[in-house]
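K.L.:
My structure is in work10.cif, and what it holds is mmCIF, C-alpha atoms and all ligand atoms:
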data_target
loop_
_atom_site.group_PDB
_atom_site.id
_atom_site.type_symbol
_atom_site.label_atom_id
_atom_site.label_comp_id
_atom_site.auth_asym_id
_atom_site.auth_seq_id
_atom_site.Cartn_x
_atom_site.Cartn_y
_atom_site.Cartn_z
ATOM 1 C CA MET A 4 149.441 104.407 145.683
ATOM 2 C CA LYS A 5 146.792 103.820 148.293
ATOM 3 C CA ASP A 6 144.069 105.504 146.239
ATOM 4 C CA TYR A 7 143.932 102.597 143.804
ATOM 5 C CA PRO A 8 143.878 99.532 146.055
ATOM 6 C CA LEU A 9 142.302 97.291 143.410
ATOM 7 C CA VAL A 10 144.566 98.075 140.449
ATOM 8 C CA ALA A 11 147.871 99.429 141.808
ATOM 9 C CA ARG A 12 150.861 97.100 141.573
ATOM 10 C CA ASN A 13 152.068 98.020 145.029
ATOM 11 C CA SER A 14 148.763 96.997 146.579
ATOM 12 C CA ARG A 15 149.439 93.309 145.818
ATOM 13 C CA LYS A 16 152.390 91.595 147.455
ATOM 14 C CA GLU A 17 153.120 89.150 144.639
ATOM 15 C CA TYR A 18 153.365 91.973 142.095
ATOM 16 C CA GLN A 19 155.525 94.334 144.119
ATOM 17 C CA GLY A 20 159.037 94.982 142.845
ATOM 18 C CA ASN A 21 158.572 92.993 139.628
ATOM 19 C CA LEU A 22 156.730 93.285 136.298
ATOM 20 C CA LYS A 23 154.532 90.220 136.614
ATOM 21 C CA THR A 24 150.986 90.575 135.324
ATOM 22 C CA LEU A 25 147.580 89.363 136.367
ATOM 23 C CA THR A 26 146.576 86.366 134.254
ATOM 24 C CA PHE A 27 142.991 85.495 133.394
ATOM 25 C CA ASP A 28 140.968 83.619 130.810
ATOM 26 C CA ILE A 29 138.650 84.945 128.155
ATOM 27 C CA GLY A 30 137.103 81.806 126.725
ATOM 28 C CA ARG A 31 140.064 79.618 125.826
ATOM 29 C CA VAL A 32 142.479 82.523 125.583
ATOM 30 C CA LYS A 33 144.940 83.148 128.404
ATOM 31 C CA ILE A 34 145.635 86.834 128.981
ATOM 32 C CA GLY A 35 148.697 88.134 130.805
ATOM 33 C CA THR A 36 151.132 85.362 129.873
ATOM 34 C CA GLU A 37 154.781 85.822 128.875
ATOM 35 C CA LYS A 38 153.818 85.872 125.198
ATOM 36 C CA PRO A 39 152.526 89.137 123.706
ATOM 37 C CA LEU A 40 148.750 89.017 123.325
ATOM 38 C CA ILE A 41 147.844 89.884 119.751
ATOM 39 C CA ILE A 42 144.442 91.484 119.195
ATOM 40 C CA ALA A 43 143.794 92.218 115.532
ATOM 41 C CA GLY A 44 141.165 92.738 112.883
ATOM 42 C CA PRO A 45 139.425 95.500 110.975
ATOM 43 C CA CYS A 46 138.963 98.859 112.605
ATOM 44 C CA THR A 47 135.289 98.586 111.747
ATOM 45 C CA VAL A 48 132.901 95.932 110.507
ATOM 46 C CA HIS A 49 131.781 97.185 107.090
ATOM 47 C CA GLU A 50 130.249 93.946 105.872
ATOM 48 C CA ARG A 51 130.190 90.203 106.431
ATOM 49 C CA GLU A 52 132.721 88.930 103.903
ATOM 50 C CA GLN A 53 135.263 91.626 104.804
ATOM 51 C CA THR A 54 135.026 90.671 108.469
ATOM 52 C CA LEU A 55 135.006 86.884 108.077
ATOM 53 C CA GLU A 56 137.998 86.925 105.724
ATOM 54 C CA ASN A 57 139.846 89.299 108.005
ATOM 55 C CA ALA A 58 139.142 87.115 111.060
ATOM 56 C CA GLN A 59 140.371 84.000 109.297
ATOM 57 C CA GLY A 60 143.508 85.780 108.137
ATOM 58 C CA ILE A 61 144.493 87.136 111.530
ATOM 59 C CA LYS A 62 143.841 83.741 113.119
ATOM 60 C CA GLU A 63 146.155 82.029 110.620
ATOM 61 C CA ALA A 64 148.763 84.709 111.292
ATOM 62 C CA GLY A 65 148.675 83.897 115.003
ATOM 63 C CA ALA A 66 146.385 86.454 116.645
ATOM 64 C CA SER A 67 144.475 85.413 119.779
ATOM 65 C CA LEU A 68 141.599 87.898 119.800
ATOM 66 C CA LEU A 69 139.567 89.593 117.080
ATOM 67 C CA ARG A 70 138.779 93.309 117.117
ATOM 68 C CA GLY A 71 136.080 95.107 115.099
ATOM 69 C CA GLY A 72 133.912 98.162 115.602
ATOM 70 C CA ALA A 73 130.127 97.916 115.584
ATOM 71 C CA TYR A 74 129.406 101.278 117.206
ATOM 72 C CA LYS A 75 132.010 103.828 116.169
ATOM 73 C CA PRO A 76 132.932 107.154 117.728
ATOM 74 C CA ARG A 77 133.361 109.331 114.629
ATOM 75 C CA THR A 78 134.450 112.953 114.643
ATOM 76 C CA SER A 79 131.869 113.861 112.013
ATOM 77 C CA PRO A 80 128.228 112.829 112.358
ATOM 78 C CA TYR A 81 128.225 112.336 108.577
ATOM 79 C CA SER A 82 130.916 109.634 108.668
ATOM 80 C CA PHE A 83 129.977 105.942 108.784
ATOM 81 C CA GLN A 84 128.828 105.282 112.339
ATOM 82 C CA GLY A 85 129.125 101.495 112.282
ATOM 83 C CA LEU A 86 126.481 98.869 111.502
ATOM 84 C CA GLY A 87 125.459 98.436 115.129
ATOM 85 C CA LYS A 88 123.757 95.157 116.007
ATOM 86 C CA PRO A 89 124.250 93.507 112.581
ATOM 87 C CA ALA A 90 127.998 94.077 113.080
ATOM 88 C CA LEU A 91 127.827 92.309 116.438
ATOM 89 C CA GLN A 92 126.131 89.382 114.723
ATOM 90 C CA ILE A 93 128.824 89.260 112.044
ATOM 91 C CA LEU A 94 131.534 89.324 114.714
ATOM 92 C CA ALA A 95 129.784 86.479 116.540
ATOM 93 C CA GLU A 96 129.742 84.484 113.299
ATOM 94 C CA ALA A 97 133.460 85.193 112.848
ATOM 95 C CA ARG A 98 134.042 83.903 116.376
ATOM 96 C CA GLU A 99 132.100 80.741 115.624
ATOM 97 C CA ILE A 100 134.254 80.037 112.574
ATOM 98 C CA THR A 101 137.640 80.993 114.011
ATOM 99 C CA GLU A 102 137.053 80.336 117.724
ATOM 100 C CA LEU A 103 138.583 83.738 118.426
ATOM 101 C CA PRO A 104 136.833 85.748 121.154
ATOM 102 C CA PHE A 105 136.234 89.352 120.122
ATOM 103 C CA VAL A 106 136.501 92.839 121.537
ATOM 104 C CA THR A 107 134.270 95.694 120.417
ATOM 105 C CA GLU A 108 133.569 99.200 121.658
ATOM 106 C CA VAL A 109 130.557 100.228 123.700
ATOM 107 C CA MET A 110 129.905 103.980 123.784
ATOM 108 C CA ASP A 111 126.480 104.181 125.315
ATOM 109 C CA GLN A 112 125.144 103.002 128.678
ATOM 110 C CA LYS A 113 121.925 102.013 126.941
ATOM 111 C CA LYS A 114 123.844 99.581 124.707
ATOM 112 C CA VAL A 115 125.803 97.701 127.382
ATOM 113 C CA GLU A 116 123.445 94.736 127.406
ATOM 114 C CA GLU A 117 123.158 94.557 123.642
ATOM 115 C CA VAL A 118 126.919 94.647 123.139
ATOM 116 C CA GLY A 119 127.438 92.302 126.085
ATOM 117 C CA ASP A 120 125.044 89.758 124.569
ATOM 118 C CA TYR A 121 127.623 89.203 121.840
ATOM 119 C CA ALA A 122 131.068 90.488 122.841
ATOM 120 C CA ASP A 123 133.661 88.714 124.966
ATOM 121 C CA ILE A 124 135.465 91.935 125.849
ATOM 122 C CA PHE A 125 134.046 95.451 126.024
ATOM 123 C CA GLN A 126 136.237 98.226 124.680
ATOM 124 C CA ILE A 127 135.995 101.579 126.430
ATOM 125 C CA GLY A 128 137.269 104.063 123.833
ATOM 126 C CA ALA A 129 139.670 106.931 124.456
ATOM 127 C CA ARG A 130 136.810 109.422 124.329
ATOM 128 C CA ASN A 131 135.038 107.632 127.154
ATOM 129 C CA MET A 132 137.924 106.835 129.486
ATOM 130 C CA GLN A 133 136.430 109.115 132.114
ATOM 131 C CA ASN A 134 132.764 108.474 131.382
ATOM 132 C CA PHE A 135 132.264 107.214 134.918
ATOM 133 C CA ALA A 136 128.628 106.221 134.512
ATOM 134 C CA LEU A 137 129.577 104.083 131.512
ATOM 135 C CA LEU A 138 132.533 102.585 133.403
ATOM 136 C CA ARG A 139 130.222 101.609 136.266
ATOM 137 C CA ASP A 140 127.620 100.000 134.016
ATOM 138 C CA VAL A 141 130.181 98.153 131.910
ATOM 139 C CA GLY A 142 132.046 97.007 135.027
ATOM 140 C CA LYS A 143 128.859 95.683 136.592
ATOM 141 C CA TYR A 144 127.768 93.818 133.496
ATOM 142 C CA ALA A 145 131.246 92.463 132.704
ATOM 143 C CA ALA A 146 131.778 91.200 136.253
ATOM 144 C CA LYS A 147 128.404 89.497 136.366
ATOM 145 C CA GLN A 148 128.704 87.872 132.949
ATOM 146 C CA ASP A 149 132.411 86.999 133.214
ATOM 147 C CA LYS A 150 133.456 89.331 130.379
ATOM 148 C CA GLY A 151 136.630 91.357 129.983
ATOM 149 C CA VAL A 152 137.161 95.088 129.519
ATOM 150 C CA LEU A 153 139.805 96.794 127.393
ATOM 151 C CA LEU A 154 140.186 100.329 128.693
ATOM 152 C CA LYS A 155 141.802 102.746 126.266
ATOM 153 C CA THR A 156 143.810 105.675 127.557
ATOM 154 C CA GLY A 157 142.212 109.092 126.985
ATOM 155 C CA PHE A 158 143.340 111.984 124.808
ATOM 156 C CA LEU A 159 145.973 113.350 127.192
ATOM 157 C CA PRO A 160 145.632 111.380 130.395
ATOM 158 C CA LYS A 161 147.618 111.577 133.578
ATOM 159 C CA LEU A 162 148.684 108.316 135.164
ATOM 160 C CA GLU A 163 146.261 108.814 138.039
ATOM 161 C CA GLU A 164 143.349 109.377 135.665
ATOM 162 C CA VAL A 165 143.984 106.066 133.915
ATOM 163 C CA LEU A 166 144.375 104.216 137.209
ATOM 164 C CA GLY A 167 141.234 105.882 138.522
ATOM 165 C CA ALA A 168 139.236 104.787 135.477
ATOM 166 C CA ALA A 169 140.530 101.213 135.850
ATOM 167 C CA GLU A 170 139.665 101.348 139.549
ATOM 168 C CA TYR A 171 136.025 102.216 138.695
ATOM 169 C CA LEU A 172 135.857 99.019 136.653
ATOM 170 C CA ALA A 173 137.787 96.923 139.186
ATOM 171 C CA LEU A 174 135.450 98.042 141.954
ATOM 172 C CA GLU A 175 132.528 96.392 140.174
ATOM 173 C CA TYR A 176 134.443 93.122 139.719
ATOM 174 C CA ASP A 177 135.431 93.314 143.388
ATOM 175 C CA ARG A 178 131.842 93.849 144.506
ATOM 176 C CA ALA A 179 130.843 90.767 142.513
ATOM 177 C CA GLY A 180 133.709 88.782 144.098
ATOM 178 C CA LYS A 181 135.397 88.337 140.703
ATOM 179 C CA LEU A 182 138.892 88.735 139.288
ATOM 180 C CA PRO A 183 139.263 92.092 137.464
ATOM 181 C CA LYS A 184 139.466 90.976 133.834
ATOM 182 C CA ILE A 185 140.702 94.373 132.742
ATOM 183 C CA MET A 186 143.375 95.388 130.247
ATOM 184 C CA ILE A 187 144.633 98.919 129.765
ATOM 185 C CA CYS A 188 145.529 100.036 126.247
ATOM 186 C CA GLU A 189 147.866 102.970 125.507
ATOM 187 C CA ARG A 190 146.655 104.553 122.252
ATOM 188 C CA GLY A 191 148.739 107.732 122.049
ATOM 189 C CA ILE A 192 147.867 111.326 122.833
ATOM 190 C CA ASN A 193 145.639 113.453 120.641
ATOM 191 C CA GLN A 194 148.393 115.491 119.088
ATOM 192 C CA ALA A 195 149.257 114.971 115.451
ATOM 193 C CA THR A 196 152.738 115.311 113.948
ATOM 194 C CA GLU A 197 153.608 115.626 110.264
ATOM 195 C CA THR A 198 153.580 111.857 109.783
ATOM 196 C CA MET A 199 151.348 110.653 112.588
ATOM 197 C CA ARG A 200 147.678 110.977 113.427
ATOM 198 C CA ASN A 201 148.354 110.977 117.178
ATOM 199 C CA THR A 202 151.543 110.597 119.184
ATOM 200 C CA PRO A 203 152.399 107.181 120.667
ATOM 201 C CA ARG A 204 153.663 107.212 124.216
ATOM 202 C CA PRO A 205 155.623 104.024 124.856
ATOM 203 C CA GLU A 206 157.119 105.720 127.887
ATOM 204 C CA PHE A 207 153.601 106.126 129.293
ATOM 205 C CA LEU A 208 152.981 102.432 128.688
ATOM 206 C CA ALA A 209 156.165 101.708 130.650
ATOM 207 C CA GLU A 210 154.909 103.897 133.476
ATOM 208 C CA LEU A 211 151.568 102.089 133.465
ATOM 209 C CA ARG A 212 153.314 98.712 133.562
ATOM 210 C CA GLN A 213 155.107 99.788 136.713
ATOM 211 C CA ALA A 214 152.016 101.293 138.292
ATOM 212 C CA THR A 215 149.541 98.445 137.767
ATOM 213 C CA TYR A 216 149.573 94.661 137.695
ATOM 214 C CA LEU A 217 146.826 94.625 135.053
ATOM 215 C CA PRO A 218 147.971 93.691 131.529
ATOM 216 C CA VAL A 219 148.916 96.761 129.467
ATOM 217 C CA ILE A 220 148.514 96.644 125.692
ATOM 218 C CA GLY A 221 149.918 99.018 123.062
ATOM 219 C CA ASP A 222 147.839 100.229 120.099
ATOM 220 C CA PRO A 223 150.319 101.230 117.393
ATOM 221 C CA SER A 224 147.524 101.666 114.833
ATOM 222 C CA HIS A 225 145.497 104.439 116.459
ATOM 223 C CA SER A 226 148.521 106.028 118.115
ATOM 224 C CA CYS A 227 150.475 106.566 114.906
ATOM 225 C CA GLY A 228 147.719 106.229 112.309
ATOM 226 C CA ASN A 229 150.087 105.423 109.463
ATOM 227 C CA ARG A 230 150.673 101.872 108.253
ATOM 228 C CA GLU A 231 154.267 102.679 107.266
ATOM 229 C CA LEU A 232 155.047 103.362 110.932
ATOM 230 C CA VAL A 233 152.774 100.864 112.676
ATOM 231 C CA TRP A 234 155.211 98.009 113.083
ATOM 232 C CA ASP A 235 158.097 100.165 114.350
ATOM 233 C CA THR A 236 155.681 101.633 116.875
ATOM 234 C CA ALA A 237 154.587 98.125 117.854
ATOM 235 C CA LEU A 238 158.216 97.213 118.511
ATOM 236 C CA ASP A 239 158.624 100.355 120.619
ATOM 237 C CA TYR A 240 155.728 99.200 122.782
ATOM 238 C CA LEU A 241 157.170 95.704 123.124
ATOM 239 C CA ARG A 242 160.582 97.109 123.989
ATOM 240 C CA VAL A 243 159.140 98.823 127.054
ATOM 241 C CA GLY A 244 157.308 95.706 128.216
ATOM 242 C CA ALA A 245 153.863 95.765 126.596
ATOM 243 C CA ASN A 246 151.776 92.690 127.396
ATOM 244 C CA GLY A 247 150.301 92.772 123.938
ATOM 245 C CA LEU A 248 149.326 94.736 120.840
ATOM 246 C CA LEU A 249 146.045 95.913 119.336
ATOM 247 C CA ILE A 250 146.507 96.179 115.585
ATOM 248 C CA ASP A 251 144.202 97.269 112.762
ATOM 249 C CA VAL A 252 144.565 94.856 109.843
ATOM 250 C CA ILE A 253 143.082 95.069 106.359
ATOM 251 C CA ARG A 254 142.897 92.415 103.630
ATOM 252 C CA ASP A 255 145.643 92.697 101.011
ATOM 253 C CA HIS A 256 143.148 93.727 98.326
ATOM 254 C CA GLU A 257 141.237 96.197 100.526
ATOM 255 C CA LYS A 258 140.293 99.485 98.809
ATOM 256 C CA PRO A 259 139.900 102.909 100.456
ATOM 257 C CA THR A 260 136.146 102.563 100.019
ATOM 258 C CA ILE A 261 133.907 99.580 100.556
ATOM 259 C CA ASP A 262 130.323 99.492 99.230
ATOM 260 C CA GLY A 263 130.730 103.201 98.450
ATOM 261 C CA VAL A 264 131.618 104.051 102.041
ATOM 262 C CA ASP A 265 135.065 105.249 103.156
ATOM 263 C CA TYR A 266 136.871 102.340 104.798
ATOM 264 C CA CYS A 267 137.292 103.340 108.417
ATOM 265 C CA ASP A 268 140.910 104.159 109.354
ATOM 266 C CA TYR A 269 142.128 102.748 106.041
ATOM 267 C CA LYS A 270 145.502 104.535 106.212
ATOM 268 C CA GLN A 271 146.566 102.776 109.372
ATOM 269 C CA GLY A 272 145.492 99.237 108.476
ATOM 270 C CA LEU A 273 148.409 96.855 108.139
ATOM 271 C CA HIS A 274 147.996 94.593 105.107
ATOM 272 C CA MET A 275 147.298 91.003 106.124
ATOM 273 C CA SER A 276 150.412 89.550 104.504
ATOM 274 C CA VAL A 277 152.613 92.165 106.173
ATOM 275 C CA PHE A 278 150.936 91.539 109.508
ATOM 276 C CA ALA A 279 151.541 87.781 109.191
ATOM 277 C CA GLN A 280 155.162 88.305 108.243
ATOM 278 C CA LYS A 281 155.804 90.753 111.105
ATOM 279 C CA LEU A 282 154.219 88.451 113.688
ATOM 280 C CA LYS A 283 156.662 85.715 112.679
ATOM 281 C CA THR A 284 159.550 87.959 113.693
ATOM 282 C CA ILE A 285 158.335 88.082 117.311
ATOM 283 C CA GLU A 286 157.311 84.429 117.557
ATOM 284 C CA ASN A 287 159.803 83.660 120.312
ATOM 285 C CA TYR A 288 159.644 86.991 122.093
ATOM 286 C CA LYS A 289 159.036 86.856 125.837
ATOM 287 C CA ILE A 290 157.732 89.769 127.885
ATOM 288 C CA PRO A 291 160.113 90.842 130.675
ATOM 289 C CA GLN A 292 158.746 89.938 134.113
ATOM 290 C CA GLU A 293 161.332 91.803 136.178
HETATM 291 C C1 LIG B 1 139.248 102.040 117.955
HETATM 292 O O1 LIG B 1 140.010 101.238 118.535
HETATM 293 O O2 LIG B 1 138.620 101.732 116.947
HETATM 294 C C2 LIG B 1 139.138 103.423 118.473
HETATM 295 C C3 LIG B 1 138.140 104.215 118.078
HETATM 296 O O3 LIG B 1 140.100 103.753 119.324
HETATM 297 P P1 LIG B 1 140.319 105.046 120.256
HETATM 298 O O4 LIG B 1 139.193 105.053 121.235
HETATM 299 O O5 LIG B 1 141.650 104.748 120.879
HETATM 300 O O6 LIG B 1 140.347 106.248 119.359
HETATM 301 MN MN MN B 2 139.844 102.978 114.333
#
Please re-express this file's structure in structure tokens.

P.N.:
Amino acid sequence: MKDYPLVARNSRKEYQGNLKTLTFDIGRVKIGTEKPLIIAGPCTVHEREQTLENAQGIKEAGASLLRGGAYKPRTSPYSFQGLGKPALQILAEAREITELPFVTEVMDQKKVEEVGDYADIFQIGARNMQNFALLRDVGKYAAKQDKGVLLKTGFLPKLEEVLGAAEYLALEYDRAGKLPKIMICERGINQATETMRNTPRPEFLAELRQATYLPVIGDPSHSCGNRELVWDTALDYLRVGANGLLIDVIRDHEKPTIDGVDYCDYKQGLHMSVFAQKLKTIENYKIPQE
């Protein structure tokens, strides 16, 4: 695949003919190891206590990175749009307490610096996978400031479109003479079934794993959107070689509304105690490298 010289597996000798992954550091966290990387936390930061308790819980359960939305892409303009900067400050406080680096979405070129002031990893959401101007700006900033990027797959992407988007980011790291600290995250296609919000594509994750040497993460929460099915979907992703999982977690006592606002993506949040128990079952799991 000569069109993607910076992200294609076959463009790097050491990654040809195997399933080894690029490894890099985000703070003290090693990404791309043989252990699944667990990124977890609330879909969205609603308030301080919710976020701090969630962060502490996922840390105790064994997660390595915290997730949480500050700026949210919502279908309706009347839905909760995220707290913005105060959410970034809450996430930074959670990081101080737990020592977990965090990932949060940036949707707007004008907010790259603000989000980058706080976040360790930028999330590019599904809706922005091919927002090339945003990819360029985020890539530039991330490379310069030694941050990571988690690139989510779009609503119905072709393999080449995902690789192309990753290449936009990698180009900026390359120009800065830096390692491309990029992860790709399969989050399902935008097609609901009777039980699922979207449709997970573990087979697409497998294809991505073969096509790129960048770590590839599965998001069972947004892809299936139903907490009853989240863990089985997570196992499907691991079965095909996922380098990690991005999982929405809620506190055990979480209610569908918080401070009078609908809790974002409540239906797909795995309860903390379930999350902790499920993680134990994969404690010794190793990601195939061949
Ligand atoms: C999210 O992770 O909160 C999110 C909005 O994901 P996606 O872009 O995959 O819909
Ligand atoms: Mn969500």

K.L.:
Using all atoms listed in the file, which of the listed residues (A:Gln148, A:Gln280, A:Gln213, A:Thr107) sits closest to ligand MN 2 (chain B)?

P.N.:
A:Thr107

K.L.:
Of the candidates A:Ala168, A:Ala146, A:Val109, A:Leu94, which one gets nearest to Gly180 (chain A) if we count only C-alpha atoms?

P.N.:
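Closest to Gly180 (chain A) of all the choices is A:Ala146.
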
K.L.:
Which residue, A:His256, A:Arg130, A:Lys281, A:Lys143, has the smallest gap to Leu238 (chain A) when you use all atoms listed in the file?

P.N.:
A:Lys281

K.L.:
At a cut-off of 9 Å around ligand MN 2 (chain B), and using all atoms listed in the file, what residues come up? Please write them as a list in words.

P.N.:
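Those residues are Pro45, Cys46, Thr47, Gly71, Gly72, Lys75, Pro76, Ser224, His225, Gly228, Asp251, Cys267, Asp268, Tyr269, Gln271 and Gly272 of chain A.
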
K.L.:
Next, write the just-selected residues to a file, as a PDB file, in the frame of the given file, keeping C-alpha atoms as the atom set.

P.N.:
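Heads up, here's the output in again-v9.pdb:
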ATOM      1  CA  PRO A  45     139.425  95.500 110.975  1.00  0.00           C
ATOM      2  CA  CYS A  46     138.963  98.859 112.605  1.00  0.00           C
ATOM      3  CA  THR A  47     135.289  98.586 111.747  1.00  0.00           C
ATOM      4  CA  GLY A  71     136.080  95.107 115.099  1.00  0.00           C
ATOM      5  CA  GLY A  72     133.912  98.162 115.602  1.00  0.00           C
ATOM      6  CA  LYS A  75     132.010 103.828 116.169  1.00  0.00           C
ATOM      7  CA  PRO A  76     132.932 107.154 117.728  1.00  0.00           C
ATOM      8  CA  SER A 224     147.524 101.666 114.833  1.00  0.00           C
ATOM      9  CA  HIS A 225     145.497 104.439 116.459  1.00  0.00           C
ATOM     10  CA  GLY A 228     147.719 106.229 112.309  1.00  0.00           C
ATOM     11  CA  ASP A 251     144.202  97.269 112.762  1.00  0.00           C
ATOM     12  CA  CYS A 267     137.292 103.340 108.417  1.00  0.00           C
ATOM     13  CA  ASP A 268     140.910 104.159 109.354  1.00  0.00           C
ATOM     14  CA  TYR A 269     142.128 102.748 106.041  1.00  0.00           C
ATOM     15  CA  GLN A 271     146.566 102.776 109.372  1.00  0.00           C
ATOM     16  CA  GLY A 272     145.492  99.237 108.476  1.00  0.00           C
TER      17      GLY A 272
END

K.L.:
Using all atoms listed in the file, collect all residues at a distance of at most 10 Å from (155.0, 111.3, 114.8) as written in the file, then present them as a ChimeraX atom specification.

P.N.:
/A:194-203,226-229,232,236

K.L.:
Could you pull out every residue with an atom within 12 Å of (126.3, 101.4, 102.6), file coordinates, counting all atoms listed in the file, and send them as a list in words?

P.N.:
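All residues meeting the 12 Å criterion around (126.3, 101.4, 102.6) are Val48, His49, Glu50, Ser82, Phe83, Gln84, Gly85, Leu86, Thr260, Ile261, Asp262, Gly263, Val264, Asp265 and Tyr266 of chain A.
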
K.L.:
Identify which of the residues A:Lys16, A:Arg190, A:Lys181, A:Lys114 lies closest to ligand LIG 1 (chain B), counting all atoms listed in the file when measuring atom-to-atom distances.

P.N.:
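Going through A:Lys16, A:Arg190, A:Lys181, A:Lys114 one by one, the smallest distance to ligand LIG 1 (chain B) is for A:Arg190.
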
K.L.:
If I take CA of Ala64 (chain A) and CA of Val32 (chain A), how far is one from the other in Å, to one decimal?

P.N.:
15.8 Å

K.L.:
Looking at all atoms listed in the file, which of A:Gly30, A:Pro39, A:Gly247, A:Pro183 is the one that sits closest to Val219 (chain A)?

P.N.:
A:Gly247
